[in-house]
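Colleague: As input, take run_22.cif (mmCIF, C-alpha atoms):
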```
data_run
#
loop_
_atom_site.group_PDB
_atom_site.id
_atom_site.type_symbol
_atom_site.label_atom_id
_atom_site.label_comp_id
_atom_site.auth_asym_id
_atom_site.auth_seq_id
_atom_site.Cartn_x
_atom_site.Cartn_y
_atom_site.Cartn_z
ATOM 1 C CA MET A 1 215.272 113.639 140.584
ATOM 2 C CA GLN A 2 211.853 112.635 139.308
ATOM 3 C CA LYS A 3 209.426 115.352 138.348
ATOM 4 C CA GLY A 4 206.915 115.940 141.122
ATOM 5 C CA SER A 5 209.148 114.515 143.836
ATOM 6 C CA PRO A 6 210.554 116.411 146.830
ATOM 7 C CA SER A 7 213.877 118.146 146.232
ATOM 8 C CA LEU A 8 216.727 115.657 146.421
ATOM 9 C CA THR A 9 219.026 118.597 147.172
ATOM 10 C CA SER A 10 217.041 119.407 150.318
ATOM 11 C CA ILE A 11 217.344 115.832 151.598
ATOM 12 C CA ILE A 12 221.087 115.619 150.890
ATOM 13 C CA SER A 13 221.626 119.019 152.520
ATOM 14 C CA ALA A 14 219.767 117.882 155.644
ATOM 15 C CA PHE A 15 221.922 114.739 155.697
ATOM 16 C CA GLY A 16 225.064 116.893 155.609
ATOM 17 C CA ARG A 17 223.837 119.077 158.456
ATOM 18 C CA ALA A 18 222.820 116.034 160.494
ATOM 19 C CA TYR A 19 226.202 114.357 159.950
ATOM 20 C CA HIS A 20 228.047 117.517 160.996
ATOM 21 C CA SER A 21 225.957 117.913 164.137
ATOM 22 C CA ARG A 22 226.465 114.280 165.095
ATOM 23 C CA PHE A 23 230.163 113.779 164.342
ATOM 24 C CA ASP A 24 232.190 116.951 163.638
ATOM 25 C CA GLN A 25 234.055 119.174 166.084
ATOM 26 C CA PRO A 26 234.159 122.114 166.337
ATOM 27 C CA LYS A 27 230.772 122.991 164.858
ATOM 28 C CA VAL A 28 230.525 125.412 161.939
ATOM 29 C CA PHE A 29 226.727 125.358 162.188
ATOM 30 C CA ASP A 30 224.908 123.078 164.593
ATOM 31 C CA ASP A 31 221.576 122.011 163.126
ATOM 32 C CA TYR A 32 220.897 119.537 165.918
ATOM 33 C CA LEU A 33 217.321 119.002 164.688
ATOM 34 C CA ALA A 34 218.171 117.997 161.109
ATOM 35 C CA GLU A 35 218.543 114.302 161.906
ATOM 36 C CA ARG A 36 214.999 114.194 163.288
ATOM 37 C CA LEU A 37 213.710 114.964 159.769
ATOM 38 C CA ILE A 38 215.607 112.067 158.199
ATOM 39 C CA SER A 39 214.575 108.504 158.966
ATOM 40 C CA GLU A 40 217.238 105.975 159.861
ATOM 41 C CA ASP A 41 216.502 104.157 156.594
ATOM 42 C CA GLU A 42 216.965 107.356 154.588
ATOM 43 C CA TYR A 43 220.166 108.161 156.466
ATOM 44 C CA GLU A 44 221.572 104.699 155.807
ATOM 45 C CA GLU A 45 220.555 104.797 152.141
ATOM 46 C CA ILE A 46 222.289 108.147 151.553
ATOM 47 C CA LYS A 47 225.312 106.917 153.494
ATOM 48 C CA ALA A 48 225.533 103.752 151.371
ATOM 49 C CA ASN A 49 225.197 105.720 148.119
ATOM 50 C CA MET A 50 227.936 108.114 149.183
ATOM 51 C CA ILE A 51 230.315 105.296 150.102
ATOM 52 C CA GLN A 52 229.623 103.438 146.859
ATOM 53 C CA GLY A 53 230.365 106.642 144.922
ATOM 54 C CA ILE A 54 233.882 107.171 146.292
ATOM 55 C CA GLY A 55 235.372 106.100 142.947
ATOM 56 C CA PHE A 56 233.666 109.069 141.270
ATOM 57 C CA PHE A 57 235.029 111.510 143.836
ATOM 58 C CA ASN A 58 238.520 110.090 144.242
ATOM 59 C CA GLU A 59 239.688 106.832 142.633
ATOM 60 C CA GLU A 60 242.951 106.798 144.592
ATOM 61 C CA LEU A 61 241.159 106.973 147.944
ATOM 62 C CA ALA A 62 238.660 104.357 146.757
ATOM 63 C CA GLN A 63 241.543 101.900 146.508
ATOM 64 C CA LYS A 64 243.420 103.122 149.589
ATOM 65 C CA TRP A 65 240.392 103.053 151.924
ATOM 66 C CA LYS A 66 238.654 99.975 150.560
ATOM 67 C CA GLY A 67 236.576 98.497 153.383
ATOM 68 C CA HIS A 68 236.869 101.623 155.588
ATOM 69 C CA SER A 69 233.347 102.920 155.050
ATOM 70 C CA GLU A 70 233.219 105.493 157.878
ATOM 71 C CA GLN A 71 236.499 107.061 156.758
ATOM 72 C CA ILE A 72 235.191 107.273 153.193
ATOM 73 C CA LEU A 73 231.884 108.820 154.326
ATOM 74 C CA LYS A 74 233.659 111.419 156.447
ATOM 75 C CA TRP A 75 235.900 112.430 153.547
ATOM 76 C CA ILE A 76 233.066 112.733 151.010
ATOM 77 C CA THR A 77 230.828 114.622 153.434
ATOM 78 C CA GLN A 78 233.504 117.039 154.623
ATOM 79 C CA VAL A 79 235.154 117.664 151.256
ATOM 80 C CA GLN A 80 232.228 117.624 148.831
ATOM 81 C CA LEU A 81 228.894 117.733 150.618
ATOM 82 C CA SER A 82 228.900 119.922 153.725
ATOM 83 C CA PRO A 83 231.196 122.962 153.430
ATOM 84 C CA THR A 84 228.871 125.311 151.545
ATOM 85 C CA PRO A 85 225.542 124.394 153.234
ATOM 86 C CA LEU A 86 227.133 124.702 156.684
ATOM 87 C CA ALA A 87 228.974 127.985 156.217
ATOM 88 C CA ARG A 88 226.261 129.774 154.266
ATOM 89 C CA ALA A 89 223.672 128.795 156.907
ATOM 90 C CA ALA A 90 225.936 130.081 159.672
ATOM 91 C CA TYR A 91 226.457 133.355 157.818
ATOM 92 C CA CYS A 92 222.801 133.796 156.878
ATOM 93 C CA GLU A 93 221.427 133.175 160.368
ATOM 94 C CA GLY A 94 224.021 135.491 161.905
ATOM 95 C CA VAL A 95 222.900 138.287 159.577
ATOM 96 C CA LEU A 96 219.233 137.451 160.173
ATOM 97 C CA LEU A 97 219.479 137.721 163.946
ATOM 98 C CA ASN A 98 221.148 141.109 163.581
ATOM 99 C CA GLU A 99 218.430 142.242 161.173
ATOM 100 C CA VAL A 100 215.776 141.196 163.706
ATOM 101 C CA ARG A 101 217.516 143.400 166.277
ATOM 102 C CA LEU A 102 217.347 146.204 163.690
ATOM 103 C CA GLY A 103 213.606 145.781 163.217
ATOM 104 C CA ALA A 104 212.989 143.059 160.634
ATOM 105 C CA LYS A 105 209.547 141.527 161.232
ATOM 106 C CA GLN A 106 209.398 138.904 158.477
ATOM 107 C CA TYR A 107 211.777 136.204 157.277
ATOM 108 C CA VAL A 108 211.199 134.649 153.850
ATOM 109 C CA ILE A 109 213.172 131.458 153.131
ATOM 110 C CA LEU A 110 213.239 130.818 149.390
ATOM 111 C CA GLY A 111 213.972 127.168 148.735
ATOM 112 C CA ALA A 112 213.477 126.275 152.397
ATOM 113 C CA GLY A 113 213.757 122.503 151.986
ATOM 114 C CA LEU A 114 214.072 120.874 155.411
ATOM 115 C CA ASP A 115 215.143 124.077 157.171
ATOM 116 C CA THR A 116 214.764 123.952 160.972
ATOM 117 C CA PHE A 117 215.331 127.601 161.959
ATOM 118 C CA CYS A 118 211.783 128.085 163.227
ATOM 119 C CA PHE A 119 212.114 125.148 165.627
ATOM 120 C CA ARG A 120 215.626 126.031 166.806
ATOM 121 C CA ARG A 121 214.657 129.607 167.713
ATOM 122 C CA PRO A 122 211.222 129.377 169.388
ATOM 123 C CA GLU A 123 211.932 132.574 171.351
ATOM 124 C CA LEU A 124 211.295 134.548 168.130
ATOM 125 C CA GLN A 125 207.668 133.402 167.868
ATOM 126 C CA ASP A 126 206.252 136.767 168.933
ATOM 127 C CA THR A 127 208.879 138.767 167.037
ATOM 128 C CA LEU A 128 209.256 137.251 163.582
ATOM 129 C CA ASP A 129 206.860 135.802 161.016
ATOM 130 C CA ILE A 130 208.582 133.085 158.966
ATOM 131 C CA PHE A 131 207.508 132.217 155.411
ATOM 132 C CA GLU A 132 208.940 129.079 153.832
ATOM 133 C CA VAL A 133 208.690 129.078 150.039
ATOM 134 C CA ASP A 134 209.315 125.861 148.124
ATOM 135 C CA SER A 135 207.751 123.461 145.638
ATOM 136 C CA PRO A 136 204.447 121.903 146.690
ATOM 137 C CA MET A 137 205.922 118.379 146.745
ATOM 138 C CA THR A 138 208.871 119.395 148.901
ATOM 139 C CA GLN A 139 206.575 121.177 151.352
ATOM 140 C CA GLU A 140 204.212 118.228 151.650
ATOM 141 C CA PHE A 141 207.236 115.986 152.234
ATOM 142 C CA LYS A 142 208.482 118.338 154.967
ATOM 143 C CA LYS A 143 205.095 118.552 156.690
ATOM 144 C CA LYS A 144 204.975 114.772 156.795
ATOM 145 C CA LYS A 145 208.486 114.679 158.270
ATOM 146 C CA LEU A 146 207.569 117.263 160.913
ATOM 147 C CA GLU A 147 204.507 115.259 161.898
ATOM 148 C CA GLN A 148 206.500 112.021 162.127
ATOM 149 C CA ALA A 149 209.124 113.752 164.284
ATOM 150 C CA GLY A 150 206.491 115.132 166.660
ATOM 151 C CA PHE A 151 206.885 118.814 165.766
ATOM 152 C CA GLU A 152 203.854 121.066 166.092
ATOM 153 C CA ILE A 153 203.753 123.800 163.458
ATOM 154 C CA PRO A 154 203.648 127.145 165.328
ATOM 155 C CA SER A 155 201.416 130.037 164.340
ATOM 156 C CA HIS A 156 204.283 132.213 163.062
ATOM 157 C CA LEU A 157 205.457 129.620 160.502
ATOM 158 C CA HIS A 158 203.722 129.920 157.133
ATOM 159 C CA PHE A 159 204.169 127.477 154.233
ATOM 160 C CA VAL A 160 203.965 129.036 150.765
ATOM 161 C CA PRO A 161 203.951 126.388 147.996
ATOM 162 C CA MET A 162 205.429 127.890 144.832
ATOM 163 C CA ASP A 163 207.951 127.047 142.124
ATOM 164 C CA PHE A 164 209.437 130.537 142.416
ATOM 165 C CA SER A 165 212.290 129.716 140.024
ATOM 166 C CA LYS A 166 209.821 129.551 137.123
ATOM 167 C CA ALA A 167 207.334 132.312 137.877
ATOM 168 C CA PHE A 168 207.400 134.273 141.136
ATOM 169 C CA SER A 169 204.189 135.843 142.392
ATOM 170 C CA GLY A 170 203.763 137.869 145.539
ATOM 171 C CA GLN A 171 200.114 136.865 145.849
ATOM 172 C CA PRO A 172 200.692 133.481 147.561
ATOM 173 C CA LEU A 173 202.913 135.225 150.121
ATOM 174 C CA ILE A 174 200.267 137.868 150.775
ATOM 175 C CA GLU A 175 197.573 135.199 151.114
ATOM 176 C CA ALA A 176 199.784 133.489 153.712
ATOM 177 C CA GLY A 177 199.881 136.683 155.802
ATOM 178 C CA PHE A 178 202.872 138.535 154.344
ATOM 179 C CA THR A 179 202.675 142.331 154.686
ATOM 180 C CA GLY A 180 204.771 145.345 153.727
ATOM 181 C CA LYS A 181 206.927 145.271 156.874
ATOM 182 C CA LYS A 182 210.715 145.239 156.930
ATOM 183 C CA THR A 183 211.728 141.802 155.663
ATOM 184 C CA PHE A 184 214.795 139.597 155.475
ATOM 185 C CA PHE A 185 215.089 137.088 152.622
ATOM 186 C CA SER A 186 217.401 134.107 152.224
ATOM 187 C CA LEU A 187 218.123 132.492 148.864
ATOM 188 C CA LEU A 188 220.674 129.766 149.557
ATOM 189 C CA GLY A 189 221.850 127.202 147.022
ATOM 190 C CA VAL A 190 219.539 128.577 144.331
ATOM 191 C CA SER A 191 221.224 131.273 142.219
ATOM 192 C CA TYR A 192 223.437 128.813 140.305
ATOM 193 C CA TYR A 193 220.370 127.050 138.941
ATOM 194 C CA LEU A 194 218.734 130.234 137.610
ATOM 195 C CA THR A 195 219.608 132.136 134.469
ATOM 196 C CA LYS A 196 220.827 135.678 135.051
ATOM 197 C CA ASP A 197 217.526 137.074 133.794
ATOM 198 C CA GLU A 198 215.603 134.765 136.146
ATOM 199 C CA LEU A 199 217.649 135.872 139.168
ATOM 200 C CA SER A 200 217.267 139.548 138.269
ATOM 201 C CA SER A 201 213.515 139.171 137.785
ATOM 202 C CA LEU A 202 213.122 137.277 141.067
ATOM 203 C CA LEU A 203 215.007 139.901 143.080
ATOM 204 C CA ALA A 204 213.106 142.761 141.447
ATOM 205 C CA HIS A 205 209.753 141.146 142.237
ATOM 206 C CA LEU A 206 210.762 140.303 145.814
ATOM 207 C CA PHE A 207 211.919 143.783 146.720
ATOM 208 C CA ALA A 208 208.929 145.473 145.115
ATOM 209 C CA LEU A 209 206.974 144.002 148.046
ATOM 210 C CA VAL A 210 209.070 145.447 150.894
ATOM 211 C CA PRO A 211 210.291 148.798 152.277
ATOM 212 C CA THR A 212 213.735 150.352 152.253
ATOM 213 C CA GLY A 213 216.144 148.607 154.623
ATOM 214 C CA SER A 214 214.848 145.140 153.809
ATOM 215 C CA SER A 215 217.657 142.811 152.781
ATOM 216 C CA ILE A 216 218.722 139.422 151.452
ATOM 217 C CA VAL A 217 221.543 136.928 151.884
ATOM 218 C CA PHE A 218 222.363 134.598 149.016
ATOM 219 C CA ASP A 219 225.295 132.672 147.623
ATOM 220 C CA TYR A 220 226.533 132.713 144.040
ATOM 221 C CA ALA A 221 229.276 131.165 141.935
ATOM 222 C CA ASP A 222 232.008 133.349 140.499
ATOM 223 C CA GLU A 223 233.169 133.412 136.890
ATOM 224 C CA THR A 224 235.539 130.455 137.384
ATOM 225 C CA LEU A 225 232.704 127.979 138.117
ATOM 226 C CA PHE A 226 232.859 126.049 134.857
ATOM 227 C CA GLU A 227 236.669 125.956 134.631
ATOM 228 C CA ALA A 228 237.779 125.481 138.254
ATOM 229 C CA LYS A 229 238.681 122.049 139.597
ATOM 230 C CA GLY A 230 238.993 122.690 143.349
ATOM 231 C CA VAL A 231 240.298 120.362 146.037
ATOM 232 C CA SER A 232 240.043 116.784 144.708
ATOM 233 C CA ASN A 233 238.127 118.151 141.692
ATOM 234 C CA ARG A 234 235.176 118.960 143.938
ATOM 235 C CA VAL A 235 234.029 122.026 141.952
ATOM 236 C CA GLU A 236 234.044 120.061 138.722
ATOM 237 C CA ASN A 237 232.268 117.187 140.502
ATOM 238 C CA MET A 238 229.593 119.573 141.818
ATOM 239 C CA VAL A 239 228.845 120.825 138.297
ATOM 240 C CA LYS A 240 228.762 117.279 136.897
ATOM 241 C CA MET A 241 226.465 116.008 139.678
ATOM 242 C CA ALA A 242 224.046 118.889 139.181
ATOM 243 C CA ALA A 243 223.813 118.152 135.461
ATOM 244 C CA ALA A 244 223.390 114.415 136.070
ATOM 245 C CA SER A 245 220.555 115.031 138.547
ATOM 246 C CA GLY A 246 218.588 117.005 135.974
ATOM 247 C CA GLU A 247 219.214 120.357 137.705
ATOM 248 C CA PRO A 248 222.156 121.830 135.737
ATOM 249 C CA MET A 249 223.990 124.893 136.988
ATOM 250 C CA LYS A 250 223.327 127.800 134.647
ATOM 251 C CA SER A 251 224.979 130.965 135.949
ATOM 252 C CA CYS A 252 228.162 132.431 137.369
ATOM 253 C CA TYR A 253 229.156 136.052 137.954
ATOM 254 C CA SER A 254 232.102 138.361 138.343
ATOM 255 C CA TYR A 255 231.831 140.695 141.334
ATOM 256 C CA SER A 256 231.225 143.711 139.102
ATOM 257 C CA GLU A 257 228.516 141.835 137.201
ATOM 258 C CA MET A 258 226.763 140.896 140.440
ATOM 259 C CA GLU A 259 227.073 144.479 141.679
ATOM 260 C CA ARG A 260 225.402 145.775 138.494
ATOM 261 C CA LEU A 261 222.606 143.215 138.659
ATOM 262 C CA LEU A 262 221.799 144.180 142.244
ATOM 263 C CA GLU A 263 221.996 147.894 141.437
ATOM 264 C CA GLN A 264 219.413 147.410 138.689
ATOM 265 C CA CYS A 265 217.133 145.795 141.292
ATOM 266 C CA GLY A 266 217.540 148.732 143.686
ATOM 267 C CA LEU A 267 219.934 146.885 145.993
ATOM 268 C CA LEU A 268 223.332 147.758 147.400
ATOM 269 C CA ILE A 269 225.915 145.221 148.539
ATOM 270 C CA TYR A 270 226.371 145.656 152.283
ATOM 271 C CA GLU A 271 228.853 142.801 152.659
ATOM 272 C CA THR A 272 230.375 140.099 150.503
ATOM 273 C CA LEU A 273 232.448 137.116 151.549
ATOM 274 C CA THR A 274 234.938 135.610 149.110
ATOM 275 C CA PRO A 275 236.006 131.955 149.443
ATOM 276 C CA GLU A 276 239.131 133.162 151.248
ATOM 277 C CA LYS A 277 237.091 135.181 153.756
ATOM 278 C CA ILE A 278 234.648 132.302 154.245
ATOM 279 C CA ASN A 279 237.516 129.949 154.943
ATOM 280 C CA GLU A 280 239.047 132.371 157.441
ATOM 281 C CA ARG A 281 235.771 133.022 159.249
ATOM 282 C CA TYR A 282 234.340 129.499 159.418
ATOM 283 C CA PHE A 283 237.056 126.920 158.746
ATOM 284 C CA SER A 284 240.362 128.219 160.097
ATOM 285 C CA ASN A 285 242.562 125.964 162.236
ATOM 286 C CA ARG A 286 240.511 122.820 161.634
ATOM 287 C CA GLN A 287 242.096 119.388 161.843
ATOM 288 C CA ASP A 288 239.650 117.715 159.419
ATOM 289 C CA HIS A 289 238.751 118.031 155.730
ATOM 290 C CA LEU A 290 236.276 120.932 155.982
ATOM 291 C CA SER A 291 237.230 124.062 154.022
ATOM 292 C CA ALA A 292 235.436 126.768 152.043
ATOM 293 C CA PHE A 293 234.356 125.785 148.557
ATOM 294 C CA GLU A 294 236.312 127.413 145.778
ATOM 295 C CA THR A 295 234.216 129.703 143.503
ATOM 296 C CA ILE A 296 231.336 130.233 146.015
ATOM 297 C CA HIS A 297 230.706 133.725 147.439
ATOM 298 C CA TYR A 298 228.116 135.062 149.912
ATOM 299 C CA VAL A 299 226.337 138.410 149.621
ATOM 300 C CA HIS A 300 224.256 140.508 151.994
ATOM 301 C CA ALA A 301 222.411 143.123 149.914
ATOM 302 C CA VAL A 302 220.071 145.851 151.167
ATOM 303 C CA LYS A 303 217.243 147.764 149.461
ATOM 304 C CA LYS A 304 218.132 151.427 149.021
#
```
Could I get this structure in the form of structure tokens?
Modeller:
Amino acid sequence: MQKGSPSLTSIISAFGRAYHSRFDQPKVFDDYLAERLISEDEYEEIKANMIQGIGFFNEELAQKWKGHSEQILKWITQVQLSPTPLARAAYCEGVLLNEVRLGAKQYVILGAGLDTFCFRRPELQDTLDIFEVDSPMTQEFKKKKLEQAGFEIPSHLHFVPMDFSKAFSGQPLIEAGFTGKKTFFSLLGVSYYLTKDELSSLLAHLFALVPTGSSIVFDYADETLFEAKGVSNRVENMVKMAAASGEPMKSCYSYSEMERLLEQCGLLIYETLTPEKINERYFSNRQDHLSAFETIHYVHAVKK
């Protein structure tokens, strides 16, 4: 990814959600608006790149399925691309909606990318203020996509341009209308790319802004990240692709290590989902290639 460009990860993630909504049954997470934020040219370009890359993912299948592009795309998307973005979004939004019922008034999406929650749940306009935090380039890219797709930005959606992974500041949030009300945060697909000190500092700064009972959902990689292979070497491939894109994965945690880090930030783990639990909850009894990613865990943590 070139410096100053919108997040490639956000575009690929939106592609995975769009593909799932269009082709897969049953749905793990139906982001039926994702495809409206990707042009047909962009969709076809990503599709072509994925198909051309089958040799990297699985040389045997590259030979076996030569000329069967849709079969190749389905395999790459379902095995490598979609499982974690789909399941973590389903988990996060389920927790969020429960937190809203319990009195959360603000939702802060860290690394929002091309998230469509605001537009899929318009009934929350008078209940929940939504703050999307991401790099300035990614946010400008998203605003352009929203305009092209005919979306009108509602009054309860606030864009907060910030490279929070380098230096988080609460001031841009406050200037965008953020207050000290009960808040729910999401931090999806981010923790792997931060050092442990950076994650700890980010969480401490976030929760200094909000009252007791505020909470966060995020995903993290366990201590096997840099040794595990996974189905068709997909864990190893994920680590290699991140390094090749210029965004190397930096951190993994044992459960006890994550528990200590959160405790130091004044947070308690309310719920954690292991890969086995994720697979049982979101991918059981499927007849396709979708399954929970090895090494990836989800956490819902609450401020004491």
Colleague: What's around Val79 of chain A at 6 Å? Count only C-alpha atoms, leave out sequence neighbours fewer than 2 positions away in its own chain, and write the answer as a PyMOL selection string.
Modeller: chain A and resi 75-77+289-290
Colleague: Restricting the calculation to only C-alpha atoms: of A:Gln71, A:Gln80, A:Ser39, A:Ser165, which residue gets closest to Met241 of chain A?
Modeller: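 Closest to Met241 of chain A of all the choices is A:Gln80.
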Colleague: For the file shown, report as an NGL selection string the outcome of the PyMOL selection byres ((chain A and resi 17) around 8) at residue level.
Modeller: :A and (13-16 or 18-21 or 29-31 or 34-35 or 82 or 85-86)
Colleague: For those residues, write C-alpha atoms to a file as a short mmCIF file (atom, residue, chain, number, x, y, z; two decimals), keeping the file's coordinate frame.
Modeller:
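Dumped to out.cif:
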```
data_model
loop_
_atom_site.label_atom_id
_atom_site.label_comp_id
_atom_site.auth_asym_id
_atom_site.auth_seq_id
_atom_site.Cartn_x
_atom_site.Cartn_y
_atom_site.Cartn_z
CA SER A 13 221.63 119.02 152.52
CA ALA A 14 219.77 117.88 155.64
CA PHE A 15 221.92 114.74 155.70
CA GLY A 16 225.06 116.89 155.61
CA ALA A 18 222.82 116.03 160.49
CA TYR A 19 226.20 114.36 159.95
CA HIS A 20 228.05 117.52 161.00
CA SER A 21 225.96 117.91 164.14
CA PHE A 29 226.73 125.36 162.19
CA ASP A 30 224.91 123.08 164.59
CA ASP A 31 221.58 122.01 163.13
CA ALA A 34 218.17 118.00 161.11
CA GLU A 35 218.54 114.30 161.91
CA SER A 82 228.90 119.92 153.72
CA PRO A 85 225.54 124.39 153.23
CA LEU A 86 227.13 124.70 156.68
#
```
Colleague: Would you compute the distance between atom CA of Leu202 of chain A and atom CA of Ser256 of chain A? Give it in Å to one decimal.
Modeller: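 Result for atom CA of Leu202 of chain A versus atom CA of Ser256 of chain A: 19.3 Å, one decimal.
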Colleague: Rounded to one decimal in Å, what is the spacing between atom CA of Asp41 of chain A and atom CA of Asn233 of chain A?
Modeller: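 Separation between atom CA of Asp41 of chain A and atom CA of Asn233 of chain A: 29.8 Å.
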Colleague: Please evaluate the PyMOL selection byres ((chain A and resi 117-130) around 9) against the structure above and give the resulting residues as a list in words.
Modeller: Asp31, Tyr32, Leu33, Glu93, Val100, Ala104, Lys105, Gln106, Tyr107, Val108, Ile109, Asp115, Thr116, Phe131, Glu132, Phe151, Ile153, Pro154, Ser155, His156, Leu157, His158, Phe159, Gly177 and Phe178 of chain A
Colleague: Go through the shown structure with the PyMOL selection byres ((chain A and resi 169) around 12) and write out the matching residues as a VMD selection string.
Modeller: chain A and resid 133 160 to 168 170 to 175 201 to 209
Colleague: Would you compute the distance between atom CA of Ser251 of chain A and atom CA of Tyr192 of chain A? Give it in Å to one decimal.
Modeller: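 Distance reported for this atom pair: 5.1 Å.
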Colleague: With distances taken over only C-alpha atoms, which of A:Asn58, A:Thr224, A:Thr84, A:Asn285 is nearest to Leu188 of chain A?
Modeller: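 Comparing A:Asn58, A:Thr224, A:Thr84, A:Asn285 against Leu188 of chain A, the winner is A:Thr84.
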Colleague: A:Ala62, A:Ile72, A:Leu8, A:Cys92: which is nearest Glu42 of chain A, counting all atoms listed in the file?
Modeller: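 For Glu42 of chain A, the nearest of the given residues is A:Leu8.
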Colleague: Tell me, as a list in words, which residues lie within 12 Å of Glu60 of chain A, counting only C-alpha atoms; anything in the same chain fewer than 6 positions away does not count.
Modeller: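 That gives Ile54, Lys66, Ile72 and Ser232 of chain A.
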Colleague: May I have the residues from that selection written out with C-alpha atoms, as a short mmCIF file (atom, residue, chain, number, x, y, z; two decimals), keeping the file's coordinate frame?
Modeller:
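Saved the output as part11.cif:
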```cif
data_model
loop_
_atom_site.label_atom_id
_atom_site.label_comp_id
_atom_site.auth_asym_id
_atom_site.auth_seq_id
_atom_site.Cartn_x
_atom_site.Cartn_y
_atom_site.Cartn_z
CA ILE A 54 233.88 107.17 146.29
CA LYS A 66 238.65 99.98 150.56
CA ILE A 72 235.19 107.27 153.19
CA SER A 232 240.04 116.78 144.71
#
```
Colleague: Give as an MDAnalysis selection string the set of residues within 12 Å of the point (219.0, 121.0, 134.9), where distances use the file's coordinates and all atoms listed in the file.
Modeller: chainID A and resid 1:3 192:195 239:251
Colleague: Find the spatial neighbours of Lys145 of chain A, counting all atoms listed in the file, within a cut-off of 10 Å - ignore same-chain residues fewer than 4 positions away - and output them as a PyMOL selection string.
Modeller: chain A and resi 36-39+114+139-141+149-151
Colleague: Compare A:Leu262, A:Cys252, A:Leu73, A:Val28 by their minimum atom-to-atom distance to Ser284 of chain A, counting all atoms listed in the file, and give me the closest one.
Modeller: A:Val28
Colleague: Please reconstruct the missing atoms of segment 111-115 of chain A (target: all heavy atoms) and return them as a PDB file, in the coordinates of the input.
Modeller:
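As a result, selection.pdb now contains:
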```
ATOM      1  N   GLY A 111     213.317 128.463 148.845  1.00  0.00           N
ATOM      2  CA  GLY A 111     213.972 127.168 148.735  1.00  0.00           C
ATOM      3  C   GLY A 111     214.277 126.611 150.112  1.00  0.00           C
ATOM      4  O   GLY A 111     215.385 126.179 150.401  1.00  0.00           O
ATOM      5  N   ALA A 112     213.264 126.597 150.982  1.00  0.00           N
ATOM      6  CA  ALA A 112     213.477 126.275 152.397  1.00  0.00           C
ATOM      7  C   ALA A 112     213.884 124.824 152.625  1.00  0.00           C
ATOM      8  O   ALA A 112     214.612 124.526 153.575  1.00  0.00           O
ATOM      9  CB  ALA A 112     212.206 126.577 153.199  1.00  0.00           C
ATOM     10  N   GLY A 113     213.409 123.910 151.780  1.00  0.00           N
ATOM     11  CA  GLY A 113     213.757 122.503 151.986  1.00  0.00           C
ATOM     12  C   GLY A 113     213.363 122.031 153.373  1.00  0.00           C
ATOM     13  O   GLY A 113     212.254 122.264 153.847  1.00  0.00           O
ATOM     14  N   LEU A 114     214.316 121.386 154.061  1.00  0.00           N
ATOM     15  CA  LEU A 114     214.072 120.874 155.411  1.00  0.00           C
ATOM     16  C   LEU A 114     214.702 121.792 156.463  1.00  0.00           C
ATOM     17  O   LEU A 114     215.221 121.335 157.475  1.00  0.00           O
ATOM     18  CB  LEU A 114     214.622 119.447 155.536  1.00  0.00           C
ATOM     19  CG  LEU A 114     213.968 118.416 154.617  1.00  0.00           C
ATOM     20  CD1 LEU A 114     214.624 117.047 154.781  1.00  0.00           C
ATOM     21  CD2 LEU A 114     212.465 118.310 154.866  1.00  0.00           C
ATOM     22  N   ASP A 115     214.619 123.088 156.232  1.00  0.00           N
ATOM     23  CA  ASP A 115     215.143 124.077 157.171  1.00  0.00           C
ATOM     24  C   ASP A 115     214.486 123.926 158.549  1.00  0.00           C
ATOM     25  O   ASP A 115     213.293 123.642 158.648  1.00  0.00           O
ATOM     26  CB  ASP A 115     214.864 125.485 156.629  1.00  0.00           C
ATOM     27  CG  ASP A 115     215.514 126.579 157.450  1.00  0.00           C
ATOM     28  OD1 ASP A 115     214.911 126.990 158.464  1.00  0.00           O
ATOM     29  OD2 ASP A 115     216.621 126.997 157.101  1.00  0.00           O
TER      30      ASP A 115
END
```
